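Let me begin by presenting the structure, written as structure tokens, before commenting on it.
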There are 2 protein chains.
Amino acid sequence: MARRSQITAPGGSVAAHVIERCLALARHTETEGTITRTFLSEPMRRVHADVEAWMTAAGMRTSIDAAGNIRGVYAAATAQAPRLFIGSHLDTVPDAGAFDGILGVVLAIALVDSLGGRRLPFAIEVIGFSEEEGVRFGVPFIGSRALAGTVDEDLLGRVDADGHSVADAIRHFGLDPSAIGDARYAAPALGYLEFHIEQGPVLDHLGLSLGIVHAIAGQTRADVTFTGSPGHAGTTPMAARADALAAAAEWVLQVEGEATATPGLVATVGRLHAMPGATNVIAGQCVTTLDIRHTDETALAEAVGRLQNSVYQMATRRGVEVTWHTRLGQPPVQMTASLVDTLTQAVRRCGAPMLQMSSGAGHDAMVMAPHMPTAMLFLRSPGGISHHPDEAVREEDVAAALSAGRHFLDVLTEDPHAR
Amino acid sequence: MARRSQITAPGGSVAAHVIERCLALARHTETEGTITRTFLSEPMRRVHADVEAWMTAAGMRTSIDAAGNIRGVYAAATAQAPRLFIGSHLDTVPDAGAFDGILGVVLAIALVDSLGGRRLPFAIEVIGFSEEEGVRFGVPFIGSRALAGTVDEDLLGRVDADGHSVADAIRHFGLDPSAIGDARYAAPALGYLEFHIEQGPVLDHLGLSLGIVHAIAGQTRADVTFTGSPGHAGTTPMAARADALAAAAEWVLQVEGEATATPGLVATVGRLHAMPGATNVIAGQCVTTLDIRHTDETALAEAVGRLQNSVYQMATRRGVEVTWHTRLGQPPVQMTASLVDTLTQAVRRCGAPMLQMSSGAGHDAMVMAPHMPTAMLFLRSPGGISHHPDEAVREEDVAAALSAGRHFLDVLTEDPHAR
């Protein structure tokens with residue numbers, strides 16, 4: 001006998017309940033008055049308790065792996081069936097919103113719950129990753145790396161601000177870091193699907209609920225430092241200056257110009273520190289950062305190359321020294337065409353307008369894509385707001401995502417080629 | 001009988017002794033290992049002791065006025081003769097060099113000493129001002145304002161970081177603030193002459209020892225703040241941004257462009273603070289400062305007006321809000337043509353190449369100019385370095401300044417019209 005859905009309560013939509021559950025999890029925080037939950041911090045225990053109860057109620061068998069991921073398996077119609085993973089993360093940045101990551105986990109549970117006990121020709125494993133934001137240890141994706149089987153000694157040995165390692169944190173949470181290998185997914189894997197808020201304004205500007213992610217942008221980060229000559233702002237003629245801040249300003253506009261002229265490129269100088277930083281002193285040194293992203297590796301590399309050329313030429317013209325220190329070079333990751341097609345069919349079936357888009361932010365899907373077919377569905381972020389208490393999601397968009405998710409399961413069920 | 005010069009010692013030039021005396025005064029500091037001496041701090045007592053001894057040895061009658069200025073009067077040939085003031089300041093910025101201000105006082109004493117007791121048709125009063133840099137109370141020129149007679153209750157009531165007022169500081173030094181009116185110069189005043197290092201690179205670039213100052217630039221200072229929208233550097237398309245740092249960068253180049261295109265104008269953005277200041281976040285707000293100077297009041301006002309126009313236009317185009325808060329509007333001060341001519345004749349007589357120039361920095365001469373004929377002579381700053389321990393002066397330039405000073409006294413002596 002099919003169970004009755006646990007989520008659909010009288011007088012409320014499933015989507016509204018999904019949002020309520022996200023807000024309920026938001027109360028489990030390290031810092032009262034904010035939403036702050038880093039890797040295996042104490043409030044994560046209470047999140048696990050809630051999620052475990054919801055998973056169990058939706059007919060899943062739950063466990064917590066050695067990376068602190070909470071996992072719920074919804075059995076297939078047959079024992080040897082392949083498995084579809086649907087996941088996102090349960091950690092947050094400091095002073096976060098309630099939906100980044102969390103929505104993807106809660107929505108996946110609601111999706112399984114909506115099956116009402118009906119068995120599919122594949123199992124579904126919903127996974128709530130313990131860590132994606134990279135806050136506590138300065139490296140992201142601890143949860144999905146455990147699922148992918150790529151956690152190494154280097155990662156386990158990384159320490160937080162208090163000198164505790166990842167392995168220490170796992171032990172402190174009551175888990176066994178030596179068992180981390182067991183967290184790896186077992187074949188055959190049908191694929192990995194992730195629901196996530198867009199964290200940007202594109203869907204909101206277009207008035208769309210959903211976006212199908214075809215690629216996650218690669219990114220290069222660099223520190224670009226200009227060294228000129230400090231001097232008295234009143235007594236140094238313009239022609240005698242080597243103003244590090246003026247050089248940095250020209251660089252900021254070079255970055256902006258390059259990104260504006262190159263389709264699909266975003267590039268940002270977000271930090272600029274001028275020294276000595278006094279009203280009446282010409283800056284002698286200026287430290288800036290570059291964050292530049294594109295979904296095409298060649299386009300990204302060429303843009304970085306053009307910026308390096310132009311900044312050196314400009315600095316030479318100004319008599320200012322420039323140093324370029326690349327801190328991160330992360331290649332783009334393409335979602336898997338076959339699973340993106342399946343997701344596209346699903347969105348088409350539920351009648352939603354179709355947008356394929358790239359993700360400028362990193363996601364767990366990036367970690368999973370080299371290991372199994374991977375697809376990702378974005379939900380509109382009202383106002384493009386993310387990593388902020390004002391982060392929100394619309395009930396209608398959650399409903400659209402749930403509908404797309406159900407059609408996705410249908411397509412996979414109907415079409416063995418899609419599996 | 002003419003006294004023998006106290007300064008010319010066997011084996012050393014007068015100029016070398018002037019430099020030695022400056023270095024000796026540099027040892028009287030608030031912070032060991034640096035040269036730091038603010039208004040009426042304890043080390044100023046030891047400076048007064050040294051200066052008083054040197055003044056006395058040069059034939060001057062000394063006193064300390066209620067503003068803490070040390071004053072030495074070298075009597076004229078006749079009792080009712082007018083008085084020439086020669087001065088500069090004895091305070092310093094934190095971690096200063098040894099010559100800014102101090103050199104002008106020590107050089108003036110050496111000049112009087114070089115008269116060897118010979119009487120002139122005018123008295124000379126050498127004055128070492130207690131305060132010019134504005135460090136302790138945030139307002140400059142306490143010493144020269146006392147000589148000019150413009151110290152008011154507002155100034156006496158200003159408090160330092162410890163809550164002590166200017167009046168408190170005067171009392172603590174053993175002086176009587178109620179007597180500050182007595183510090184005002186007594187007519188007839190022949191004029192005010194100040195020797196000072198340039199604090200800029202112009203003379204050094206031209207290979208000149210001396211520069212005759214014809215005007216001190218007026219300056220406007222403003223805080224210019226840009227408010228856009230913070231956003232995710234990866235997920236916000238370029239067209240959807242209102243990047244406060246990019247707007248501020250364009251502003252920095254507008255300021256530089258305006259100054260480069262306008263003869264005699266210097267303009268500087270020395271401070272720029274981008275918030276939140278993270279690599280992967282588009283800046284939502286950016287605070288900058290403007291420091292803009294010109295010796296012509298109309299030219300300065302017009303340049304400020306053009307910059308206000310262009311920054312508002314640019315911000316509107318970018319969808320960024322801009323606020324402009326003027327913090328200082330100080331008009332230019334012209335040196336007195338008659339005394340500048342006398343100084344020009346003197347420099348010509350000593351065979352030095354002639355350069356008339358403006359001062360981009362403020363000086364006590366600025367305070368004195370409305371009250372009596374005022375002139376100012378710059379000495380080359382090697383490397384243009386000022387307000388820094390590496391600040392220096394060349395012996396040959398001190399010798400040239402002493403020679404110009406002696407010719408200046410000669411011209412005044414010979415030509416009653418010059419007096």
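Order determines the names: the first chain of the structure tokens is A, the second B, and so forth; residues in each chain are numbered 1 upward, and ligands are numbered 1 upward as they are shown.
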* **Exercise: region 219-233 of chain A partners within 7 Å, only C-alpha atoms, chain neighbours under 3 positions left out, as number ranges by chain** => A: 236, 242-244, 248, 280-294, 320-331; B: 200, 268
* Name all residues at most 9 Å from Ala240 (chain A) (count only C-alpha atoms; drop same-chain ones fewer than 2 positions away) and give them as a PyMOL selection string. => (chain A and resi 236-238+242) or (chain B and resi 201-202+205)
* To do: May I ask which of the residues B:Val159, B:Met335, B:Leu190, B:Val255 is the closest one to chain A, counting only C-alpha atoms?
  =>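 Closest to chain A, using only C-alpha atoms: B:Val255.
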DSSP helix (DSSP H, G or I) residues within region 247-334 of chain A, as an mmCIF file with all heavy atoms, in the first residue's frame:
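Result went into selection_21.cif, see below:
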```cif
data_model
loop_
_atom_site.group_PDB
_atom_site.id
_atom_site.type_symbol
_atom_site.label_atom_id
_atom_site.label_comp_id
_atom_site.auth_asym_id
_atom_site.auth_seq_id
_atom_site.Cartn_x
_atom_site.Cartn_y
_atom_site.Cartn_z
ATOM 1 N N ALA A 247 47.678 53.392 -10.791
ATOM 2 C CA ALA A 247 47.933 52.195 -11.607
ATOM 3 C C ALA A 247 46.895 51.114 -11.308
ATOM 4 O O ALA A 247 46.345 50.481 -12.218
ATOM 5 C CB ALA A 247 49.349 51.682 -11.348
ATOM 6 N N ALA A 248 46.610 50.913 -10.024
ATOM 7 C CA ALA A 248 45.626 49.901 -9.637
ATOM 8 C C ALA A 248 44.241 50.258 -10.173
ATOM 9 O O ALA A 248 43.479 49.383 -10.581
ATOM 10 C CB ALA A 248 45.590 49.769 -8.111
ATOM 11 N N ALA A 249 43.932 51.551 -10.186
ATOM 12 C CA ALA A 249 42.630 51.994 -10.711
ATOM 13 C C ALA A 249 42.527 51.659 -12.201
ATOM 14 O O ALA A 249 41.496 51.167 -12.672
ATOM 15 C CB ALA A 249 42.452 53.493 -10.479
ATOM 16 N N GLU A 250 43.617 51.912 -12.931
ATOM 17 C CA GLU A 250 43.595 51.597 -14.362
ATOM 18 C C GLU A 250 43.429 50.087 -14.562
ATOM 19 O O GLU A 250 42.722 49.630 -15.463
ATOM 20 C CB GLU A 250 44.871 52.119 -15.037
ATOM 21 C CG GLU A 250 44.751 52.134 -16.545
ATOM 22 C CD GLU A 250 45.831 52.969 -17.246
ATOM 23 O OE1 GLU A 250 46.498 53.797 -16.572
ATOM 24 O OE2 GLU A 250 45.998 52.776 -18.458
ATOM 25 N N TRP A 251 44.053 49.312 -13.701
ATOM 26 C CA TRP A 251 43.930 47.840 -13.730
ATOM 27 C C TRP A 251 42.485 47.398 -13.493
ATOM 28 O O TRP A 251 41.956 46.544 -14.202
ATOM 29 C CB TRP A 251 44.891 47.264 -12.699
ATOM 30 C CG TRP A 251 44.602 45.897 -12.167
ATOM 31 C CD1 TRP A 251 44.301 45.583 -10.872
ATOM 32 C CD2 TRP A 251 44.635 44.656 -12.893
ATOM 33 N NE1 TRP A 251 44.130 44.231 -10.753
ATOM 34 C CE2 TRP A 251 44.328 43.630 -11.970
ATOM 35 C CE3 TRP A 251 44.866 44.309 -14.219
ATOM 36 C CZ2 TRP A 251 44.254 42.295 -12.329
ATOM 37 C CZ3 TRP A 251 44.797 42.976 -14.578
ATOM 38 C CH2 TRP A 251 44.499 41.980 -13.644
ATOM 39 N N VAL A 252 41.834 48.005 -12.520
ATOM 40 C CA VAL A 252 40.430 47.648 -12.239
ATOM 41 C C VAL A 252 39.578 47.845 -13.497
ATOM 42 O O VAL A 252 38.743 47.002 -13.842
ATOM 43 C CB VAL A 252 39.874 48.494 -11.064
ATOM 44 C CG1 VAL A 252 38.368 48.301 -10.919
ATOM 45 C CG2 VAL A 252 40.584 48.143 -9.762
ATOM 46 N N LEU A 253 39.841 48.956 -14.207
ATOM 47 C CA LEU A 253 39.057 49.225 -15.417
ATOM 48 C C LEU A 253 39.473 48.305 -16.573
ATOM 49 O O LEU A 253 38.649 47.960 -17.421
ATOM 50 C CB LEU A 253 39.186 50.697 -15.807
ATOM 51 C CG LEU A 253 38.607 51.670 -14.767
ATOM 52 C CD1 LEU A 253 38.699 53.106 -15.270
ATOM 53 C CD2 LEU A 253 37.155 51.339 -14.414
ATOM 54 N N GLN A 254 40.756 47.894 -16.604
ATOM 55 C CA GLN A 254 41.174 46.902 -17.605
ATOM 56 C C GLN A 254 40.414 45.594 -17.396
ATOM 57 O O GLN A 254 39.956 44.960 -18.347
ATOM 58 C CB GLN A 254 42.683 46.633 -17.495
ATOM 59 C CG GLN A 254 43.559 47.761 -18.049
ATOM 60 C CD GLN A 254 45.050 47.453 -17.910
ATOM 61 O OE1 GLN A 254 45.464 46.691 -17.030
ATOM 62 N NE2 GLN A 254 45.852 48.033 -18.786
ATOM 63 N N VAL A 255 40.301 45.186 -16.147
ATOM 64 C CA VAL A 255 39.606 43.933 -15.810
ATOM 65 C C VAL A 255 38.138 44.033 -16.224
ATOM 66 O O VAL A 255 37.590 43.146 -16.887
ATOM 67 C CB VAL A 255 39.725 43.634 -14.300
ATOM 68 C CG1 VAL A 255 38.801 42.502 -13.888
ATOM 69 C CG2 VAL A 255 41.178 43.314 -13.941
ATOM 70 N N GLU A 256 37.528 45.159 -15.854
ATOM 71 C CA GLU A 256 36.122 45.358 -16.198
ATOM 72 C C GLU A 256 35.932 45.376 -17.714
ATOM 73 O O GLU A 256 34.999 44.755 -18.256
ATOM 74 C CB GLU A 256 35.630 46.670 -15.583
ATOM 75 C CG GLU A 256 34.146 46.907 -15.762
ATOM 76 C CD GLU A 256 33.717 48.284 -15.248
ATOM 77 O OE1 GLU A 256 34.402 49.289 -15.533
ATOM 78 O OE2 GLU A 256 32.699 48.341 -14.560
ATOM 79 N N GLY A 257 36.834 46.059 -18.410
ATOM 80 C CA GLY A 257 36.730 46.158 -19.865
ATOM 81 C C GLY A 257 36.892 44.802 -20.542
ATOM 82 O O GLY A 257 36.155 44.467 -21.479
ATOM 83 N N GLU A 258 37.849 44.019 -20.078
ATOM 84 C CA GLU A 258 38.077 42.689 -20.645
ATOM 85 C C GLU A 258 36.828 41.821 -20.492
ATOM 86 O O GLU A 258 36.414 41.134 -21.428
ATOM 87 C CB GLU A 258 39.273 42.026 -19.949
ATOM 88 C CG GLU A 258 39.565 40.590 -20.344
ATOM 89 C CD GLU A 258 40.021 40.448 -21.797
ATOM 90 O OE1 GLU A 258 40.706 41.372 -22.291
ATOM 91 O OE2 GLU A 258 39.673 39.439 -22.426
ATOM 92 N N ALA A 259 36.226 41.860 -19.306
ATOM 93 C CA ALA A 259 35.054 41.011 -19.057
ATOM 94 C C ALA A 259 33.851 41.497 -19.856
ATOM 95 O O ALA A 259 33.071 40.688 -20.369
ATOM 96 C CB ALA A 259 34.730 40.993 -17.564
ATOM 97 N N THR A 260 33.702 42.796 -19.976
ATOM 98 C CA THR A 260 32.575 43.335 -20.729
ATOM 99 C C THR A 260 32.695 42.970 -22.208
ATOM 100 O O THR A 260 31.701 42.709 -22.884
ATOM 101 C CB THR A 260 32.514 44.871 -20.545
ATOM 102 O OG1 THR A 260 32.460 45.155 -19.143
ATOM 103 C CG2 THR A 260 31.292 45.467 -21.212
ATOM 104 N N ALA A 261 33.925 42.912 -22.710
ATOM 105 C CA ALA A 261 34.144 42.663 -24.140
ATOM 106 C C ALA A 261 34.144 41.171 -24.481
ATOM 107 O O ALA A 261 34.113 40.815 -25.653
ATOM 108 C CB ALA A 261 35.467 43.300 -24.566
ATOM 109 N N GLU A 297 37.614 26.724 -20.973
ATOM 110 C CA GLU A 297 38.971 26.797 -20.425
ATOM 111 C C GLU A 297 39.880 27.684 -21.279
ATOM 112 O O GLU A 297 40.673 28.473 -20.757
ATOM 113 C CB GLU A 297 39.548 25.381 -20.302
ATOM 114 C CG GLU A 297 40.802 25.330 -19.450
ATOM 115 C CD GLU A 297 41.087 23.916 -18.939
ATOM 116 O OE1 GLU A 297 40.401 22.969 -19.353
ATOM 117 O OE2 GLU A 297 42.016 23.780 -18.120
ATOM 118 N N THR A 298 39.780 27.537 -22.602
ATOM 119 C CA THR A 298 40.623 28.319 -23.502
ATOM 120 C C THR A 298 40.276 29.800 -23.406
ATOM 121 O O THR A 298 41.166 30.660 -23.316
ATOM 122 C CB THR A 298 40.444 27.832 -24.951
ATOM 123 O OG1 THR A 298 40.661 26.418 -24.972
ATOM 124 C CG2 THR A 298 41.424 28.521 -25.879
ATOM 125 N N ALA A 299 38.981 30.096 -23.404
ATOM 126 C CA ALA A 299 38.554 31.499 -23.313
ATOM 127 C C ALA A 299 39.054 32.126 -22.013
ATOM 128 O O ALA A 299 39.491 33.284 -21.993
ATOM 129 C CB ALA A 299 37.031 31.593 -23.395
ATOM 130 N N LEU A 300 39.011 31.320 -20.933
ATOM 131 C CA LEU A 300 39.485 31.826 -19.642
ATOM 132 C C LEU A 300 40.989 32.101 -19.694
ATOM 133 O O LEU A 300 41.452 33.177 -19.295
ATOM 134 C CB LEU A 300 39.160 30.808 -18.536
ATOM 135 C CG LEU A 300 39.623 31.159 -17.120
ATOM 136 C CD1 LEU A 300 39.028 32.486 -16.648
ATOM 137 C CD2 LEU A 300 39.248 30.047 -16.133
ATOM 138 N N ALA A 301 41.739 31.139 -20.226
ATOM 139 C CA ALA A 301 43.197 31.291 -20.282
ATOM 140 C C ALA A 301 43.589 32.470 -21.169
ATOM 141 O O ALA A 301 44.505 33.234 -20.837
ATOM 142 C CB ALA A 301 43.845 30.003 -20.788
ATOM 143 N N GLU A 302 42.874 32.635 -22.274
ATOM 144 C CA GLU A 302 43.199 33.745 -23.186
ATOM 145 C C GLU A 302 42.896 35.094 -22.534
ATOM 146 O O GLU A 302 43.664 36.048 -22.686
ATOM 147 C CB GLU A 302 42.417 33.590 -24.494
ATOM 148 C CG GLU A 302 42.994 32.493 -25.380
ATOM 149 C CD GLU A 302 42.164 32.237 -26.640
ATOM 150 O OE1 GLU A 302 41.085 32.859 -26.777
ATOM 151 O OE2 GLU A 302 42.610 31.419 -27.462
ATOM 152 N N ALA A 303 41.799 35.157 -21.798
ATOM 153 C CA ALA A 303 41.455 36.419 -21.122
ATOM 154 C C ALA A 303 42.501 36.756 -20.060
ATOM 155 O O ALA A 303 42.930 37.905 -19.935
ATOM 156 C CB ALA A 303 40.070 36.327 -20.502
ATOM 157 N N VAL A 304 42.925 35.730 -19.308
ATOM 158 C CA VAL A 304 43.964 35.955 -18.293
ATOM 159 C C VAL A 304 45.247 36.440 -18.973
ATOM 160 O O VAL A 304 45.896 37.388 -18.505
ATOM 161 C CB VAL A 304 44.214 34.665 -17.470
ATOM 162 C CG1 VAL A 304 45.467 34.808 -16.622
ATOM 163 C CG2 VAL A 304 43.003 34.361 -16.583
ATOM 164 N N GLY A 305 45.580 35.817 -20.095
ATOM 165 C CA GLY A 305 46.788 36.213 -20.829
ATOM 166 C C GLY A 305 46.714 37.656 -21.305
ATOM 167 O O GLY A 305 47.685 38.418 -21.161
ATOM 168 N N ARG A 306 45.563 38.038 -21.842
ATOM 169 C CA ARG A 306 45.411 39.432 -22.307
ATOM 170 C C ARG A 306 45.527 40.416 -21.146
ATOM 171 O O ARG A 306 46.152 41.472 -21.266
ATOM 172 C CB ARG A 306 44.060 39.613 -23.013
ATOM 173 C CG ARG A 306 44.026 39.072 -24.445
ATOM 174 C CD ARG A 306 42.761 39.538 -25.191
ATOM 175 N NE ARG A 306 41.536 39.054 -24.567
ATOM 176 C CZ ARG A 306 40.926 37.906 -24.872
ATOM 177 N NH1 ARG A 306 41.439 37.106 -25.794
ATOM 178 N NH2 ARG A 306 39.808 37.553 -24.261
ATOM 179 N N LEU A 307 44.948 40.046 -20.000
ATOM 180 C CA LEU A 307 45.029 40.948 -18.839
ATOM 181 C C LEU A 307 46.463 41.066 -18.336
ATOM 182 O O LEU A 307 46.911 42.146 -17.951
ATOM 183 C CB LEU A 307 44.109 40.453 -17.718
ATOM 184 C CG LEU A 307 42.637 40.793 -17.904
ATOM 185 C CD1 LEU A 307 41.792 40.150 -16.814
ATOM 186 C CD2 LEU A 307 42.435 42.314 -17.896
ATOM 187 N N GLN A 308 47.191 39.949 -18.334
ATOM 188 C CA GLN A 308 48.592 40.006 -17.907
ATOM 189 C C GLN A 308 49.384 40.936 -18.822
ATOM 190 O O GLN A 308 50.157 41.774 -18.367
ATOM 191 C CB GLN A 308 49.197 38.605 -17.894
ATOM 192 C CG GLN A 308 48.724 37.782 -16.692
ATOM 193 C CD GLN A 308 49.277 36.379 -16.690
ATOM 194 O OE1 GLN A 308 49.486 35.786 -17.740
ATOM 195 N NE2 GLN A 308 49.482 35.826 -15.495
ATOM 196 N N ASN A 309 49.160 40.785 -20.128
ATOM 197 C CA ASN A 309 49.827 41.667 -21.091
ATOM 198 C C ASN A 309 49.518 43.129 -20.831
ATOM 199 O O ASN A 309 50.421 43.964 -20.742
ATOM 200 C CB ASN A 309 49.325 41.338 -22.506
ATOM 201 C CG ASN A 309 50.335 40.511 -23.260
ATOM 202 O OD1 ASN A 309 51.509 40.513 -22.910
ATOM 203 N ND2 ASN A 309 49.870 39.807 -24.268
ATOM 204 N N SER A 310 48.248 43.419 -20.703
ATOM 205 C CA SER A 310 47.858 44.829 -20.620
ATOM 206 C C SER A 310 48.299 45.442 -19.298
ATOM 207 O O SER A 310 48.689 46.606 -19.248
ATOM 208 C CB SER A 310 46.366 45.004 -20.857
ATOM 209 O OG SER A 310 45.622 44.258 -19.931
ATOM 210 N N VAL A 311 48.277 44.656 -18.220
ATOM 211 C CA VAL A 311 48.674 45.246 -16.941
ATOM 212 C C VAL A 311 50.181 45.521 -16.915
ATOM 213 O O VAL A 311 50.630 46.546 -16.388
ATOM 214 C CB VAL A 311 48.223 44.377 -15.738
ATOM 215 C CG1 VAL A 311 49.059 43.138 -15.560
ATOM 216 C CG2 VAL A 311 48.210 45.207 -14.456
ATOM 217 N N TYR A 312 50.960 44.635 -17.523
ATOM 218 C CA TYR A 312 52.407 44.879 -17.554
ATOM 219 C C TYR A 312 52.729 46.103 -18.417
ATOM 220 O O TYR A 312 53.568 46.926 -18.051
ATOM 221 C CB TYR A 312 53.162 43.642 -18.049
ATOM 222 C CG TYR A 312 53.332 42.589 -16.976
ATOM 223 C CD1 TYR A 312 52.692 41.361 -17.047
ATOM 224 C CD2 TYR A 312 54.130 42.838 -15.854
ATOM 225 C CE1 TYR A 312 52.817 40.403 -16.046
ATOM 226 C CE2 TYR A 312 54.272 41.892 -14.847
ATOM 227 C CZ TYR A 312 53.614 40.671 -14.943
ATOM 228 O OH TYR A 312 53.744 39.742 -13.955
ATOM 229 N N GLN A 313 52.051 46.204 -19.561
ATOM 230 C CA GLN A 313 52.282 47.370 -20.423
ATOM 231 C C GLN A 313 51.917 48.661 -19.698
ATOM 232 O O GLN A 313 52.659 49.647 -19.743
ATOM 233 C CB GLN A 313 51.454 47.259 -21.703
ATOM 234 C CG GLN A 313 52.104 46.368 -22.758
ATOM 235 C CD GLN A 313 51.227 46.216 -23.990
ATOM 236 O OE1 GLN A 313 50.397 47.071 -24.268
ATOM 237 N NE2 GLN A 313 51.402 45.122 -24.709
ATOM 238 N N MET A 314 50.771 48.644 -19.035
ATOM 239 C CA MET A 314 50.306 49.843 -18.339
ATOM 240 C C MET A 314 51.271 50.218 -17.213
ATOM 241 O O MET A 314 51.631 51.378 -17.038
ATOM 242 C CB MET A 314 48.896 49.600 -17.811
ATOM 243 C CG MET A 314 48.277 50.722 -17.009
ATOM 244 S SD MET A 314 48.591 50.572 -15.242
ATOM 245 C CE MET A 314 47.542 49.180 -14.817
ATOM 246 N N ALA A 315 51.704 49.214 -16.449
ATOM 247 C CA ALA A 315 52.605 49.494 -15.320
ATOM 248 C C ALA A 315 53.939 50.043 -15.821
ATOM 249 O O ALA A 315 54.499 50.977 -15.238
ATOM 250 C CB ALA A 315 52.810 48.228 -14.497
ATOM 251 N N THR A 316 54.431 49.490 -16.926
ATOM 252 C CA THR A 316 55.687 49.977 -17.500
ATOM 253 C C THR A 316 55.546 51.445 -17.904
ATOM 254 O O THR A 316 56.411 52.279 -17.605
ATOM 255 C CB THR A 316 56.069 49.119 -18.716
ATOM 256 O OG1 THR A 316 56.171 47.756 -18.292
ATOM 257 C CG2 THR A 316 57.400 49.569 -19.308
ATOM 258 N N ARG A 317 54.433 51.743 -18.590
ATOM 259 C CA ARG A 317 54.181 53.131 -19.007
ATOM 260 C C ARG A 317 54.162 54.065 -17.799
ATOM 261 O O ARG A 317 54.645 55.188 -17.857
ATOM 262 C CB ARG A 317 52.838 53.173 -19.752
ATOM 263 C CG ARG A 317 52.314 54.562 -20.045
ATOM 264 C CD ARG A 317 51.119 54.556 -21.009
ATOM 265 N NE ARG A 317 50.044 53.648 -20.689
ATOM 266 C CZ ARG A 317 49.131 53.856 -19.739
ATOM 267 N NH1 ARG A 317 49.184 54.934 -18.967
ATOM 268 N NH2 ARG A 317 48.162 52.975 -19.531
ATOM 269 N N ARG A 318 53.646 53.591 -16.655
ATOM 270 C CA ARG A 318 53.517 54.430 -15.474
ATOM 271 C C ARG A 318 54.749 54.421 -14.574
ATOM 272 O O ARG A 318 54.788 55.137 -13.575
ATOM 273 C CB ARG A 318 52.319 53.948 -14.627
ATOM 274 C CG ARG A 318 50.964 54.297 -15.204
ATOM 275 C CD ARG A 318 49.856 53.780 -14.311
ATOM 276 N NE ARG A 318 48.561 54.309 -14.667
ATOM 277 C CZ ARG A 318 48.091 55.493 -14.280
ATOM 278 N NH1 ARG A 318 48.804 56.268 -13.493
ATOM 279 N NH2 ARG A 318 46.904 55.900 -14.661
#
```
* **Which of region 312-400 of chain A fall in strand (DSSP E), as a ChimeraX atom specification** => /A:321-330,333-334,356-359,374-379
* Shell around region 116-125 of chain B at 9 Å using only C-alpha atoms, local window under 4 positions removed, as a PyMOL selection string -> chain B and resi 1-6+58-60+71-87+112+190+409-410+412-413+419
* To do: Using only C-alpha atoms, pick whichever of B:Cys350, B:Ala24, B:Ala239, B:Ile197 has the shortest atom-to-atom distance to His89 (chain B).
  => B:Ile197
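Between CA of Asp415 (chain A) and CA of Thr342 (chain A) the interatomic distance comes to 9.6 Å.
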* Asked: Which residue, A:Ile102, A:Asp364, A:Gly264, A:Ala375, has the smallest gap to chain B when you use only C-alpha atoms?
  -> A:Gly264
* Asked: So how far away is CA of Thr38 (chain B) from CA of Ala365 (chain B), in Å?
  ->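 Rounded to one decimal, the two atoms are 19.5 Å apart.
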* To do: Between CA of Ala67 (chain B) and CA of Leu379 (chain B), measure the distance and give it in Å to one decimal.
  => 27.2 Å
* So which residues touch Met354 (chain B) within 12 Å, counting only C-alpha atoms, skipping near sequence neighbours fewer than 2 positions away, as a list of chain:residue names? ->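 Here the answer would be B:Leu203, B:Leu206, B:Gly207, B:Leu208, B:Ser209, B:Leu210, B:Gly211, B:Ile212, B:Val213, B:Asp341, B:Leu343, B:Thr344, B:Gln345, B:Ala346, B:Val347, B:Arg348, B:Arg349, B:Cys350, B:Gly351, B:Ala352, B:Gln356, B:Met357, B:Leu377, B:Phe378, B:Ala400, B:Ala404.
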* So, counting only C-alpha atoms, which residue among A:Ala418, A:Ala98, A:Leu272, A:Ala337 is closest to chain B? ->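 The shortest atom-to-atom distance to chain B comes from A:Leu272.
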* To do: Tell me which protein, DNA and RNA residues are within 9 Å of region 28-34 of chain A, counting only C-alpha atoms, leaving out same-chain ones fewer than 4 positions away, and put them as a ChimeraX atom specification.
  => /A:24,38,41-47,94-97,389
